[in-house]
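S.K.: My structure is in protein.tsv, and what it holds is TSV, C-alpha atoms and all ligand atoms:
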chain	number	residue	atom	x	y	z
A	898	MET	CA	12.20	2.35	-22.48
A	899	LEU	CA	12.32	3.21	-18.77
A	900	ARG	CA	15.25	1.42	-17.07
A	901	VAL	CA	14.29	0.43	-13.54
A	902	GLY	CA	16.50	-0.77	-10.67
A	903	VAL	CA	14.86	-2.95	-8.00
A	904	VAL	CA	16.09	-2.84	-4.38
A	905	GLY	CA	14.96	-5.99	-2.57
A	906	THR	CA	14.27	-9.16	-4.55
A	907	GLY	CA	12.04	-10.95	-2.04
A	908	MET	CA	8.43	-11.87	-2.53
A	909	ILE	CA	6.94	-8.63	-3.82
A	910	GLY	CA	10.21	-7.57	-5.48
A	911	GLN	CA	10.14	-10.73	-7.61
A	912	ASP	CA	6.45	-10.24	-8.33
A	913	HIS	CA	7.02	-6.65	-9.51
A	914	ILE	CA	9.97	-7.83	-11.63
A	915	ARG	CA	7.74	-10.48	-13.24
A	916	ARG	CA	5.12	-7.78	-13.82
A	917	MET	CA	7.60	-5.30	-15.34
A	918	THR	CA	9.19	-7.92	-17.60
A	919	THR	CA	6.13	-9.90	-18.74
A	920	VAL	CA	3.00	-7.80	-18.27
A	921	LEU	CA	3.82	-4.09	-18.57
A	922	ALA	CA	4.92	-1.97	-21.53
A	923	GLY	CA	7.67	0.65	-21.78
A	924	VAL	CA	9.82	-0.63	-18.91
A	925	GLU	CA	12.78	-2.95	-18.40
A	926	VAL	CA	14.56	-4.15	-15.26
A	927	ALA	CA	18.14	-2.95	-15.66
A	928	ALA	CA	19.53	-3.69	-12.19
A	929	VAL	CA	18.74	-5.50	-8.95
A	930	THR	CA	20.19	-5.72	-5.46
A	931	ASP	CA	19.41	-7.46	-2.18
A	932	VAL	CA	21.26	-7.92	1.11
A	933	ASP	CA	20.83	-11.58	0.31
A	934	ALA	CA	23.30	-11.57	-2.60
A	935	GLU	CA	22.42	-15.13	-3.63
A	936	THR	CA	18.75	-14.24	-4.12
A	937	ALA	CA	19.64	-11.14	-6.14
A	938	LYS	CA	21.99	-13.20	-8.34
A	939	ARG	CA	19.39	-15.91	-8.90
A	940	VAL	CA	16.71	-13.36	-9.80
A	941	ALA	CA	19.09	-11.56	-12.20
A	942	GLU	CA	19.80	-14.82	-14.03
A	943	GLY	CA	16.28	-14.58	-15.46
A	944	LEU	CA	16.83	-10.99	-16.61
A	945	PRO	CA	19.10	-10.69	-19.66
A	946	GLY	CA	21.42	-7.69	-19.35
A	947	ALA	CA	20.48	-6.84	-15.75
A	948	VAL	CA	23.33	-5.78	-13.44
A	949	VAL	CA	23.57	-7.05	-9.85
A	950	HIS	CA	24.71	-4.34	-7.44
A	951	GLY	CA	26.26	-4.91	-4.02
A	952	THR	CA	24.17	-2.22	-2.30
A	953	GLY	CA	21.04	-0.18	-2.88
A	954	GLU	CA	23.11	3.01	-2.92
A	955	GLU	CA	25.27	1.66	-5.78
A	956	LEU	CA	22.16	0.70	-7.72
A	957	ILE	CA	20.61	4.15	-7.25
A	958	ALA	CA	23.84	5.84	-8.43
A	959	ASP	CA	24.06	3.63	-11.56
A	960	PRO	CA	23.66	5.88	-14.65
A	961	GLY	CA	21.94	2.92	-16.34
A	962	VAL	CA	19.08	3.18	-13.83
A	963	ASP	CA	16.45	5.84	-14.61
A	964	ALA	CA	14.04	5.03	-11.76
A	965	VAL	CA	14.04	2.94	-8.59
A	966	VAL	CA	11.56	0.43	-7.15
A	967	VAL	CA	12.08	-0.22	-3.41
A	968	CYS	CA	10.82	-3.62	-2.22
A	969	SER	CA	13.14	-4.24	0.74
A	970	TRP	CA	12.01	-4.50	4.38
A	971	GLY	CA	10.13	-1.49	5.75
A	972	PRO	CA	12.85	-0.17	8.10
A	973	THR	CA	15.25	0.14	5.11
A	974	HIS	CA	12.88	2.18	2.92
A	975	GLU	CA	13.91	5.58	4.27
A	976	GLN	CA	17.57	5.28	3.27
A	977	TYR	CA	16.76	4.22	-0.31
A	978	VAL	CA	14.01	6.77	-0.85
A	979	LEU	CA	16.27	9.55	0.46
A	980	ALA	CA	19.15	8.35	-1.74
A	981	SER	CA	16.84	8.35	-4.78
A	982	ILE	CA	15.67	11.90	-4.04
A	983	ALA	CA	19.31	12.99	-3.61
A	984	ALA	CA	20.07	11.46	-7.02
A	985	GLY	CA	17.00	13.19	-8.54
A	986	LYS	CA	15.53	9.83	-9.62
A	987	PRO	CA	11.83	8.84	-9.42
A	988	VAL	CA	11.28	6.17	-6.78
A	989	PHE	CA	8.35	3.81	-6.31
A	990	CYS	CA	8.46	2.61	-2.71
A	991	GLU	CA	6.38	-0.32	-1.54
A	992	LYS	CA	4.30	0.50	1.50
A	993	PRO	CA	5.04	1.63	4.14
A	994	LEU	CA	6.91	4.74	2.96
A	995	ALA	CA	8.91	4.35	6.18
A	996	THR	CA	8.26	2.80	9.56
A	997	THR	CA	8.31	5.93	11.75
A	998	GLU	CA	6.62	9.29	11.53
A	999	GLY	CA	10.01	10.99	11.77
A	1000	ALA	CA	11.40	9.03	8.82
A	1001	CYS	CA	8.33	9.87	6.69
A	1002	ARG	CA	8.69	13.52	7.63
A	1003	ARG	CA	12.37	13.51	6.57
A	1004	ILE	CA	11.34	12.10	3.18
A	1005	VAL	CA	8.62	14.76	2.74
A	1006	GLU	CA	11.13	17.48	3.67
A	1007	ALA	CA	13.77	16.13	1.27
A	1008	GLU	CA	11.25	16.00	-1.59
A	1009	VAL	CA	9.98	19.50	-0.84
A	1010	ALA	CA	13.60	20.73	-0.84
A	1011	HIS	CA	14.08	19.02	-4.21
A	1012	GLY	CA	11.12	21.05	-5.45
A	1013	SER	CA	9.06	18.50	-7.41
A	1014	ARG	CA	7.54	15.08	-6.86
A	1015	LEU	CA	9.77	12.02	-7.22
A	1016	VAL	CA	8.19	9.61	-4.73
A	1017	GLN	CA	5.22	7.28	-5.14
A	1018	VAL	CA	4.07	4.86	-2.42
A	1019	GLY	CA	2.63	1.41	-3.16
A	1020	TYR	CA	-0.93	1.84	-1.91
A	1021	MET	CA	-2.50	-0.21	-4.68
A	1022	ARG	CA	-6.16	-0.13	-3.59
A	1023	ARG	CA	-6.44	3.17	-5.46
A	1024	TYR	CA	-5.82	1.20	-8.68
A	1025	ASP	CA	-8.34	-1.56	-8.05
A	1026	GLU	CA	-11.22	-1.52	-10.52
A	1027	ALA	CA	-13.89	-2.03	-7.84
A	1028	TYR	CA	-12.55	0.71	-5.54
A	1029	ARG	CA	-12.24	3.10	-8.50
A	1030	ALA	CA	-15.85	2.40	-9.48
A	1031	LEU	CA	-16.95	2.94	-5.87
A	1032	LYS	CA	-15.10	6.26	-5.68
A	1033	ALA	CA	-16.60	7.36	-9.01
A	1034	VAL	CA	-20.10	6.81	-7.57
A	1035	VAL	CA	-19.25	8.70	-4.39
A	1036	ASP	CA	-17.71	11.60	-6.37
A	1037	SER	CA	-20.72	11.75	-8.72
A	1038	GLY	CA	-22.96	12.84	-5.84
A	1039	ARG	CA	-25.46	10.09	-6.67
A	1040	ILE	CA	-25.72	8.93	-3.03
A	1041	GLY	CA	-25.45	12.45	-1.61
A	1042	ALA	CA	-22.68	13.41	0.77
A	1043	PRO	CA	-20.86	10.33	2.17
A	1044	LEU	CA	-21.54	10.07	5.91
A	1045	MET	CA	-20.13	6.69	6.90
A	1046	MET	CA	-18.24	3.73	5.51
A	1047	HIS	CA	-18.24	0.12	6.68
A	1048	CYS	CA	-15.13	-1.87	5.77
A	1049	ALA	CA	-13.88	-5.38	6.41
A	1050	HIS	CA	-10.34	-6.63	5.82
A	1051	ARG	CA	-10.29	-10.38	6.33
A	1052	ASN	CA	-7.30	-12.68	5.87
A	1053	ALA	CA	-7.63	-16.46	5.93
A	1054	SER	CA	-4.44	-16.65	8.02
A	1055	VAL	CA	-1.21	-14.75	8.71
A	1056	PRO	CA	2.43	-15.91	9.05
A	1057	ALA	CA	3.90	-16.97	12.40
A	1058	HIS	CA	5.89	-13.72	12.79
A	1059	TYR	CA	2.70	-11.59	12.56
A	1060	GLU	CA	2.30	-9.60	15.80
A	1061	LYS	CA	-0.68	-7.89	17.39
A	1062	GLU	CA	0.04	-4.36	16.16
A	1063	MET	CA	0.64	-5.52	12.57
A	1064	ALA	CA	-3.16	-5.77	12.29
A	1065	ILE	CA	-2.94	-1.98	12.10
A	1066	THR	CA	0.53	-1.20	10.75
A	1067	ASP	CA	0.56	-3.88	8.06
A	1068	THR	CA	-3.08	-4.73	7.38
A	1069	ALA	CA	-5.47	-1.86	8.18
A	1070	VAL	CA	-2.95	0.66	6.83
A	1071	HIS	CA	-4.39	-0.13	3.37
A	1072	GLU	CA	-7.84	1.00	4.57
A	1073	ILE	CA	-6.26	4.06	6.21
A	1074	ASP	CA	-4.88	5.16	2.85
A	1075	MET	CA	-8.04	4.13	0.98
A	1076	VAL	CA	-10.30	6.16	3.32
A	1077	ARG	CA	-8.24	9.36	2.89
A	1078	TRP	CA	-8.50	8.87	-0.88
A	1079	MET	CA	-12.18	7.83	-0.93
A	1080	PHE	CA	-13.34	10.78	1.18
A	1081	GLY	CA	-10.73	13.23	-0.19
A	1082	GLU	CA	-9.85	14.46	3.30
A	1083	GLU	CA	-7.61	13.73	6.24
A	1084	ILE	CA	-8.37	11.36	9.12
A	1085	THR	CA	-8.51	13.37	12.35
A	1086	ALA	CA	-9.09	10.79	15.10
A	1087	THR	CA	-8.97	7.04	15.66
A	1088	ARG	CA	-10.18	4.44	18.14
A	1089	VAL	CA	-9.82	0.66	18.35
A	1090	LEU	CA	-12.51	-1.68	19.68
A	1091	VAL	CA	-11.45	-5.10	20.92
A	1092	PRO	CA	-14.08	-7.83	20.49
A	1093	ARG	CA	-14.05	-11.30	21.97
A	1094	ARG	CA	-10.93	-13.10	20.75
A	1095	SER	CA	-11.03	-15.72	17.98
A	1096	ARG	CA	-9.61	-19.09	18.99
A	1097	ASN	CA	-7.98	-19.23	15.52
A	1098	GLY	CA	-5.65	-16.34	16.37
A	1099	GLY	CA	-3.56	-17.98	19.12
A	1100	ALA	CA	-1.99	-15.25	21.24
A	1101	LEU	CA	-3.06	-12.52	18.80
A	1102	GLN	CA	-5.87	-10.12	19.63
A	1103	ASP	CA	-7.96	-11.01	16.60
A	1104	PRO	CA	-10.29	-9.49	15.42
A	1105	LEU	CA	-10.12	-5.72	15.94
A	1106	ILE	CA	-12.40	-2.90	14.88
A	1107	LEU	CA	-10.82	0.40	13.91
A	1108	VAL	CA	-13.04	3.49	14.03
A	1109	LEU	CA	-11.74	6.45	12.02
A	1110	GLU	CA	-13.09	10.01	11.96
A	1111	THR	CA	-12.50	12.29	8.98
A	1112	ALA	CA	-12.08	16.08	8.95
A	1113	SER	CA	-15.71	16.65	7.89
A	1114	GLY	CA	-17.05	14.30	10.59
A	1115	ALA	CA	-17.63	11.13	8.54
A	1116	ILE	CA	-17.07	7.91	10.50
A	1117	VAL	CA	-15.51	4.73	9.10
A	1118	ASP	CA	-15.42	1.35	10.82
A	1119	VAL	CA	-12.90	-1.26	9.71
A	1120	GLU	CA	-13.16	-4.87	10.87
A	1121	ILE	CA	-9.74	-6.51	10.80
A	1122	SER	CA	-9.87	-10.30	11.02
A	1123	VAL	CA	-6.63	-12.08	10.18
A	1124	ASN	CA	-7.40	-15.73	10.85
A	1125	ILE	CA	-10.86	-16.13	9.43
A	1126	ARG	CA	-10.04	-19.29	7.49
A	1127	TYR	CA	-12.68	-19.01	4.74
A	1128	GLY	CA	-10.66	-16.80	2.37
A	1129	TYR	CA	-9.43	-13.27	1.71
A	1130	ASP	CA	-12.39	-10.95	1.77
A	1131	ILE	CA	-12.24	-7.19	1.29
A	1132	ARG	CA	-15.50	-5.34	1.78
A	1133	GLY	CA	-16.51	-1.71	1.69
A	1134	GLU	CA	-19.82	0.11	1.73
A	1135	VAL	CA	-20.22	3.89	1.70
A	1136	VAL	CA	-23.41	5.22	3.29
A	1137	GLY	CA	-24.53	8.54	1.83
A	1138	GLU	CA	-27.44	10.88	2.51
A	1139	GLU	CA	-29.61	9.32	-0.19
A	1140	GLY	CA	-28.17	5.92	-0.97
A	1141	THR	CA	-25.37	3.47	-0.38
A	1142	ALA	CA	-22.65	2.10	-2.67
A	1143	ALA	CA	-20.62	-1.04	-2.00
A	1144	LEU	CA	-17.80	-3.01	-3.60
A	1145	GLY	CA	-19.52	-5.69	-5.68
A	1146	GLU	CA	-18.87	-9.39	-5.85
A	1147	LEU	CA	-15.79	-9.86	-7.99
A	1148	THR	CA	-16.04	-13.35	-9.41
A	1149	PRO	CA	-16.62	-13.73	-13.15
A	1150	VAL	CA	-18.67	-16.91	-12.64
A	1151	THR	CA	-21.26	-17.88	-10.05
A	1152	LEU	CA	-22.37	-21.47	-9.90
A	1153	ARG	CA	-25.92	-22.60	-9.24
A	1154	ALA	CA	-25.97	-26.31	-8.43
A	1155	SER	CA	-27.30	-28.70	-5.80
A	1156	ARG	CA	-29.71	-26.04	-4.57
A	1157	GLN	CA	-26.81	-23.70	-3.78
A	1158	LEU	CA	-25.46	-20.43	-5.21
A	1159	VAL	CA	-21.65	-20.60	-5.16
A	1160	SER	CA	-19.38	-17.60	-5.74
A	1161	PRO	CA	-15.61	-18.16	-5.25
A	1162	ILE	CA	-13.63	-16.07	-2.73
A	1163	PRO	CA	-9.93	-15.19	-3.36
A	1164	ALA	CA	-7.34	-17.13	-1.37
A	1165	ASP	CA	-5.17	-14.11	-0.59
A	1166	TRP	CA	-4.29	-10.53	-1.46
A	1167	ARG	CA	-2.13	-11.59	-4.42
A	1168	GLU	CA	-5.16	-13.07	-6.11
A	1169	ARG	CA	-7.56	-10.29	-5.09
A	1170	PHE	CA	-5.33	-7.36	-6.12
A	1171	ARG	CA	-3.25	-8.88	-8.96
A	1172	ARG	CA	-4.71	-6.58	-11.58
A	1173	ALA	CA	-4.50	-3.52	-9.29
A	1174	TYR	CA	-0.71	-4.01	-9.01
A	1175	ASP	CA	-0.46	-4.21	-12.81
A	1176	VAL	CA	-2.40	-0.97	-13.29
A	1177	GLU	CA	-0.50	0.73	-10.45
A	1178	LEU	CA	2.95	0.07	-11.90
A	1179	GLN	CA	1.90	0.69	-15.53
A	1180	GLU	CA	0.46	4.09	-14.59
A	1181	TRP	CA	3.64	4.85	-12.62
A	1182	VAL	CA	5.83	3.94	-15.62
A	1183	ASP	CA	3.64	6.01	-17.96
A	1184	SER	CA	3.70	9.02	-15.62
A	1185	ILE	CA	7.49	9.23	-15.34
A	1186	ALA	CA	8.47	8.10	-18.85
A	1187	GLY	CA	10.17	10.94	-20.68
A	1188	GLY	CA	10.95	12.89	-17.51
A	1189	GLY	CA	7.38	13.24	-16.14
A	1190	ARG	CA	6.34	13.28	-12.49
A	1191	PRO	CA	4.52	10.57	-10.54
A	1192	VAL	CA	0.84	11.27	-9.85
A	1193	GLY	CA	-0.05	8.30	-7.59
A	1194	PRO	CA	0.04	8.14	-3.77
A	1195	SER	CA	2.64	10.68	-2.65
A	1196	ALA	CA	5.18	10.99	0.15
A	1197	TRP	CA	2.51	13.09	1.91
A	1198	ASP	CA	0.06	10.18	1.62
A	1199	GLY	CA	2.75	7.86	3.02
A	1200	TYR	CA	3.40	10.29	5.88
A	1201	ALA	CA	-0.31	10.76	6.70
A	1202	ALA	CA	-0.93	6.99	6.66
A	1203	ALA	CA	2.02	6.51	9.04
A	1204	VAL	CA	0.71	9.13	11.48
A	1205	VAL	CA	-2.82	7.63	11.50
A	1206	SER	CA	-1.32	4.14	11.86
A	1207	ASP	CA	0.81	5.26	14.85
A	1208	ALA	CA	-2.21	6.96	16.43
A	1209	SER	CA	-4.24	3.76	15.98
A	1210	VAL	CA	-1.51	1.70	17.66
A	1211	ALA	CA	-1.60	4.20	20.55
A	1212	ALA	CA	-5.41	3.84	20.65
A	1213	LEU	CA	-5.08	0.05	20.76
A	1214	ARG	CA	-2.55	0.24	23.63
A	1215	GLY	CA	-4.36	2.94	25.60
A	1216	GLY	CA	-7.94	1.93	24.86
A	1217	SER	CA	-9.13	5.46	24.16
A	1218	ARG	CA	-9.76	7.84	21.25
A	1219	VAL	CA	-6.58	9.40	19.87
A	1220	GLU	CA	-6.51	12.57	17.82
A	1221	VAL	CA	-4.33	12.69	14.71
A	1222	THR	CA	-2.06	15.69	14.31
A	1223	LEU	CA	-0.31	16.22	10.99
A	1224	MET	CA	2.37	18.79	10.23
A	1225	PRO	CA	1.24	21.60	7.88
A	1226	ARG	CA	0.87	20.19	4.39
A	1227	PRO	CA	3.51	21.58	2.01
A	1228	ASP	CA	2.20	23.20	-1.21
A	1229	LEU	CA	3.89	20.46	-3.24
A	1230	TYR	CA	1.04	18.17	-2.15
A	1231	ALA	CA	-1.79	20.67	-2.59
A	1232	ASP	CA	-3.91	18.25	-4.60
A	1233	ALA	CA	-3.51	15.42	-2.06
A	1234	ALA	CA	-6.33	14.15	0.17
A	1301	LIG	N1	1.40	-3.19	-1.39
A	1301	LIG	C1	1.21	-4.38	-0.84
A	1301	LIG	O1	0.10	-4.87	-0.75
A	1301	LIG	C2	2.38	-5.16	-0.32
A	1301	LIG	C3	2.33	-6.54	-0.32
A	1301	LIG	C4	3.45	-7.27	0.15
A	1301	LIG	C5	4.56	-6.59	0.63
A	1301	LIG	N2	4.55	-5.23	0.62
A	1301	LIG	C6	5.71	-4.48	1.16
A	1301	LIG	O2	6.87	-4.80	0.39
A	1301	LIG	C7	8.02	-4.82	1.23
A	1301	LIG	C8	8.73	-6.19	1.05
A	1301	LIG	O3	7.85	-7.20	1.44
A	1301	LIG	P1	8.06	-8.74	1.00
A	1301	LIG	O4	6.85	-9.45	1.44
A	1301	LIG	O5	8.54	-8.82	-0.40
A	1301	LIG	O6	9.26	-9.16	1.98
A	1301	LIG	P2	10.39	-10.26	1.73
A	1301	LIG	O7	11.00	-10.53	3.07
A	1301	LIG	O8	9.87	-11.40	0.93
A	1301	LIG	O9	11.45	-9.51	0.81
A	1301	LIG	C9	12.20	-8.42	1.24
A	1301	LIG	C10	13.59	-8.54	0.63
A	1301	LIG	O10	14.31	-7.35	0.98
A	1301	LIG	C11	15.65	-7.76	1.23
A	1301	LIG	N3	16.28	-6.72	2.03
A	1301	LIG	C12	16.14	-6.51	3.36
A	1301	LIG	N4	16.90	-5.46	3.74
A	1301	LIG	C13	17.51	-5.00	2.62
A	1301	LIG	C14	18.40	-3.93	2.36
A	1301	LIG	N5	18.82	-3.13	3.32
A	1301	LIG	N6	18.78	-3.73	1.08
A	1301	LIG	C15	18.37	-4.54	0.09
A	1301	LIG	N7	17.54	-5.59	0.28
A	1301	LIG	C16	17.11	-5.80	1.53
A	1301	LIG	C17	15.51	-9.11	1.93
A	1301	LIG	O11	16.72	-9.85	1.87
A	1301	LIG	C18	14.38	-9.73	1.13
A	1301	LIG	O12	14.87	-10.49	0.02
A	1301	LIG	C19	7.53	-4.54	2.65
A	1301	LIG	O13	7.67	-3.18	2.93
A	1301	LIG	C20	6.05	-4.90	2.58
A	1301	LIG	O14	5.25	-4.17	3.51
A	1301	LIG	C21	3.50	-4.51	0.14
Will you turn the file into structure tokens for me?
M.R.:
Amino acid sequence: MLRVGVVGTGMIGQDHIRRMTTVLAGVEVAAVTDVDAETAKRVAEGLPGAVVHGTGEELIADPGVDAVVVCSWGPTHEQYVLASIAAGKPVFCEKPLATTEGACRRIVEAEVAHGSRLVQVGYMRRYDEAYRALKAVVDSGRIGAPLMMHCAHRNASVPAHYEKEMAITDTAVHEIDMVRWMFGEEITATRVLVPRRSRNGGALQDPLILVLETASGAIVDVEISVNIRYGYDIRGEVVGEEGTAALGELTPVTLRASRQLVSPIPADWRERFRRAYDVELQEWVDSIAGGGRPVGPSAWDGYAAAVVSDASVAALRGGSRVEVTLMPRPDLYADAA
């Protein structure tokens, strides 16, 4: 049984704890911590035998913790991922790996110095059944070489604290990782187009269109709409030389009534990607059980996504095309995108 310690018992921390304790196999939650001690205590009350630690560092050092799941706020990820690497413990870090390029680079360098992979980043699209099926078609060669991809990332609404650049750093960053994985190559340049503003977005510039270029010259457009009211809608279509392949409709039931065809749309990302999170964490547990290494999105993937995200923010601010420059990829990540 893998004994996991969870740093950060907020929304996704509690959801991952529920997942690890009621859905997944081969894992138990042995310890929790949160800067909000009351929340950590309350969450631990539902976990027989779990220890509540005063700090993330104490939790990581606990000999009763085999592996760490980091679900605290983004700016705190670096310290806990670095502490886990220093302790030689596998660490699953919710996205983003860290909030600055420099912090991601320090994590990559620490893991390379350690000499083997310990870090996995929570980019769960790679575990979604529909995205996996789409990638399998692309990889099969059935549509020829992929030339373009059209994506849409639509949220019904976003919280009050959501700011303009979060459309890239928080929302489109999932497409940034997905595109690197789907095309199996790095993103080399980025641009942001700014359409007429939706009245639903208040002061936000909503929507945006991100245009990404890959190393081989493929072009991907990503519509980001975060106040579209009608539901949470994730779309993706790859255009190849001889065909196209798109994410299908996901609902198990379509209704035909009153001269209408009705197919439900998820309310939010929790509903849309619930199963992807289950598969993501189960595969992580299975990969590291018995001393194995994680095989999911790596620290390099977290670093590359951060650099493309920063370049896209610069493109949004400056209004022009921005090239993406990555540091040389260490051999440890040779099989990465
Ligand atoms: N993969 C996904 O789709 C996805 C979805 C939601 C959230 N996330 C990521 O998960 C992380 C948490 O998001 P959330 O929505 O659960 O936020 P949240 O605010 O609900 O929870 C974060 C928790 O971390 C705690 N915390 C903050 N600083 C801490 C520290 N230094 N040490 C310990 N605990 C600390 C807070 O008190 C809070 O309880 C973010 O990085 C977010 O981007 C990823």
S.K.: Considering only C-alpha atoms, state which residue in the set A:Arg1002, A:Arg1023, A:His1050, A:Arg1156 is at the smallest distance from Gly1133 in chain A.
M.R.: A:His1050
S.K.: Quick one: contact table of chain A to ligand LIG 1301 (chain A), 8 Å max, nearest atom pair and distance in Å to one decimal per residue, counting all atoms listed in the file, chain and number order, as JSON lines?
M.R.:
{"residue": "A:Val904", "atom": "CA", "partner": "A:LIG1301", "partner_atom": "C15", "distance": 5.3}
{"residue": "A:Gly905", "atom": "CA", "partner": "A:LIG1301", "partner_atom": "O10", "distance": 3.9}
{"residue": "A:Thr906", "atom": "CA", "partner": "A:LIG1301", "partner_atom": "O12", "distance": 4.8}
{"residue": "A:Gly907", "atom": "CA", "partner": "A:LIG1301", "partner_atom": "O9", "distance": 3.2}
{"residue": "A:Met908", "atom": "CA", "partner": "A:LIG1301", "partner_atom": "O5", "distance": 3.7}
{"residue": "A:Ile909", "atom": "CA", "partner": "A:LIG1301", "partner_atom": "O5", "distance": 3.8}
{"residue": "A:Gly910", "atom": "CA", "partner": "A:LIG1301", "partner_atom": "O5", "distance": 5.5}
{"residue": "A:Gln911", "atom": "CA", "partner": "A:LIG1301", "partner_atom": "O5", "distance": 7.6}
{"residue": "A:Thr930", "atom": "CA", "partner": "A:LIG1301", "partner_atom": "C15", "distance": 6.0}
{"residue": "A:Asp931", "atom": "CA", "partner": "A:LIG1301", "partner_atom": "N7", "distance": 3.6}
{"residue": "A:Val932", "atom": "CA", "partner": "A:LIG1301", "partner_atom": "N7", "distance": 4.5}
{"residue": "A:Asp933", "atom": "CA", "partner": "A:LIG1301", "partner_atom": "O11", "distance": 4.7}
{"residue": "A:Thr936", "atom": "CA", "partner": "A:LIG1301", "partner_atom": "O12", "distance": 6.8}
{"residue": "A:Ala937", "atom": "CA", "partner": "A:LIG1301", "partner_atom": "O12", "distance": 7.8}
{"residue": "A:Thr952", "atom": "CA", "partner": "A:LIG1301", "partner_atom": "N6", "distance": 6.5}
{"residue": "A:Gly953", "atom": "CA", "partner": "A:LIG1301", "partner_atom": "N6", "distance": 5.8}
{"residue": "A:Val967", "atom": "CA", "partner": "A:LIG1301", "partner_atom": "C7", "distance": 7.7}
{"residue": "A:Cys968", "atom": "CA", "partner": "A:LIG1301", "partner_atom": "C7", "distance": 4.6}
{"residue": "A:Ser969", "atom": "CA", "partner": "A:LIG1301", "partner_atom": "O10", "distance": 3.3}
{"residue": "A:Trp970", "atom": "CA", "partner": "A:LIG1301", "partner_atom": "C12", "distance": 4.7}
{"residue": "A:Gly971", "atom": "CA", "partner": "A:LIG1301", "partner_atom": "O13", "distance": 4.1}
{"residue": "A:Pro972", "atom": "CA", "partner": "A:LIG1301", "partner_atom": "O13", "distance": 7.9}
{"residue": "A:Thr973", "atom": "CA", "partner": "A:LIG1301", "partner_atom": "N5", "distance": 5.2}
{"residue": "A:His974", "atom": "CA", "partner": "A:LIG1301", "partner_atom": "O13", "distance": 7.5}
{"residue": "A:Glu991", "atom": "CA", "partner": "A:LIG1301", "partner_atom": "O2", "distance": 4.9}
{"residue": "A:Lys992", "atom": "CA", "partner": "A:LIG1301", "partner_atom": "O14", "distance": 5.2}
{"residue": "A:Pro993", "atom": "CA", "partner": "A:LIG1301", "partner_atom": "O13", "distance": 5.6}
{"residue": "A:Leu994", "atom": "CA", "partner": "A:LIG1301", "partner_atom": "O13", "distance": 8.0}
{"residue": "A:Gly1019", "atom": "CA", "partner": "A:LIG1301", "partner_atom": "N1", "distance": 5.1}
{"residue": "A:Tyr1020", "atom": "CA", "partner": "A:LIG1301", "partner_atom": "N1", "distance": 5.6}
{"residue": "A:Met1021", "atom": "CA", "partner": "A:LIG1301", "partner_atom": "N1", "distance": 5.9}
{"residue": "A:Asp1067", "atom": "CA", "partner": "A:LIG1301", "partner_atom": "O14", "distance": 6.5}
{"residue": "A:His1071", "atom": "CA", "partner": "A:LIG1301", "partner_atom": "O1", "distance": 7.7}
{"residue": "A:Trp1166", "atom": "CA", "partner": "A:LIG1301", "partner_atom": "O1", "distance": 7.2}
{"residue": "A:Arg1167", "atom": "CA", "partner": "A:LIG1301", "partner_atom": "C3", "distance": 7.9}
{"residue": "A:Tyr1174", "atom": "CA", "partner": "A:LIG1301", "partner_atom": "N1", "distance": 7.9}
S.K.: At a cut-off of 8 Å, using all atoms listed in the file, what residues contact Ile1065 in chain A? Leave out same-chain residues fewer than 4 positions from it and give the result as a PyMOL selection string.
M.R.: chain A and resi 1069-1070+1206+1209-1210
S.K.: Quick one: everything within 12 Å of Ala1033 in chain A, counting all atoms listed in the file, minus sequence neighbours fewer than 4 positions away in the same chain. Send it as a PDB file with C-alpha atoms, keeping the file's coordinate frame.
M.R.:
ATOM      1  CA  ARG A1023      -6.440   3.170  -5.460  1.00  0.00           C
ATOM      2  CA  GLU A1026     -11.220  -1.520 -10.520  1.00  0.00           C
ATOM      3  CA  ALA A1027     -13.890  -2.030  -7.840  1.00  0.00           C
ATOM      4  CA  TYR A1028     -12.550   0.710  -5.540  1.00  0.00           C
ATOM      5  CA  ARG A1029     -12.240   3.100  -8.500  1.00  0.00           C
ATOM      6  CA  SER A1037     -20.720  11.750  -8.720  1.00  0.00           C
ATOM      7  CA  GLY A1038     -22.960  12.840  -5.840  1.00  0.00           C
ATOM      8  CA  ARG A1039     -25.460  10.090  -6.670  1.00  0.00           C
ATOM      9  CA  ILE A1040     -25.720   8.930  -3.030  1.00  0.00           C
ATOM     10  CA  TRP A1078      -8.500   8.870  -0.880  1.00  0.00           C
ATOM     11  CA  MET A1079     -12.180   7.830  -0.930  1.00  0.00           C
ATOM     12  CA  PHE A1080     -13.340  10.780   1.180  1.00  0.00           C
ATOM     13  CA  VAL A1135     -20.220   3.890   1.700  1.00  0.00           C
ATOM     14  CA  ALA A1142     -22.650   2.100  -2.670  1.00  0.00           C
ATOM     15  CA  ALA A1143     -20.620  -1.040  -2.000  1.00  0.00           C
ATOM     16  CA  LEU A1144     -17.800  -3.010  -3.600  1.00  0.00           C
TER      17      LEU A1144
END
S.K.: State, in Å with one decimal place, the distance from CA of Met898 in chain A to CA of Val1016 in chain A.
M.R.: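 Straight-line distance from CA of Met898 in chain A to CA of Val1016 in chain A works out to 19.6 Å.
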S.K.: Would you mind listing what lies within 9 Å of range 1115-1126 of chain A as a ChimeraX atom specification, with only C-alpha atoms counted and same-chain residues fewer than 2 positions away left out?
M.R.: /A:1043-1055,1064-1065,1068-1069,1072,1076,1080,1095,1097-1098,1103-1113,1128-1129,1133,1135
S.K.: To one decimal place, how far is CA of Ala1196 in chain A from CA of Val1182 in chain A in Å?
M.R.: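 Pair CA of Ala1196 in chain A / CA of Val1182 in chain A returns 17.3 Å.
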S.K.: What separation in Å, quoted to one decimal, exists between CA of Ala1211 in chain A and CA of Asp1165 in chain A?
M.R.: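 Computing the Euclidean distance for CA of Ala1211 in chain A and CA of Asp1165 in chain A yields 28.2 Å.
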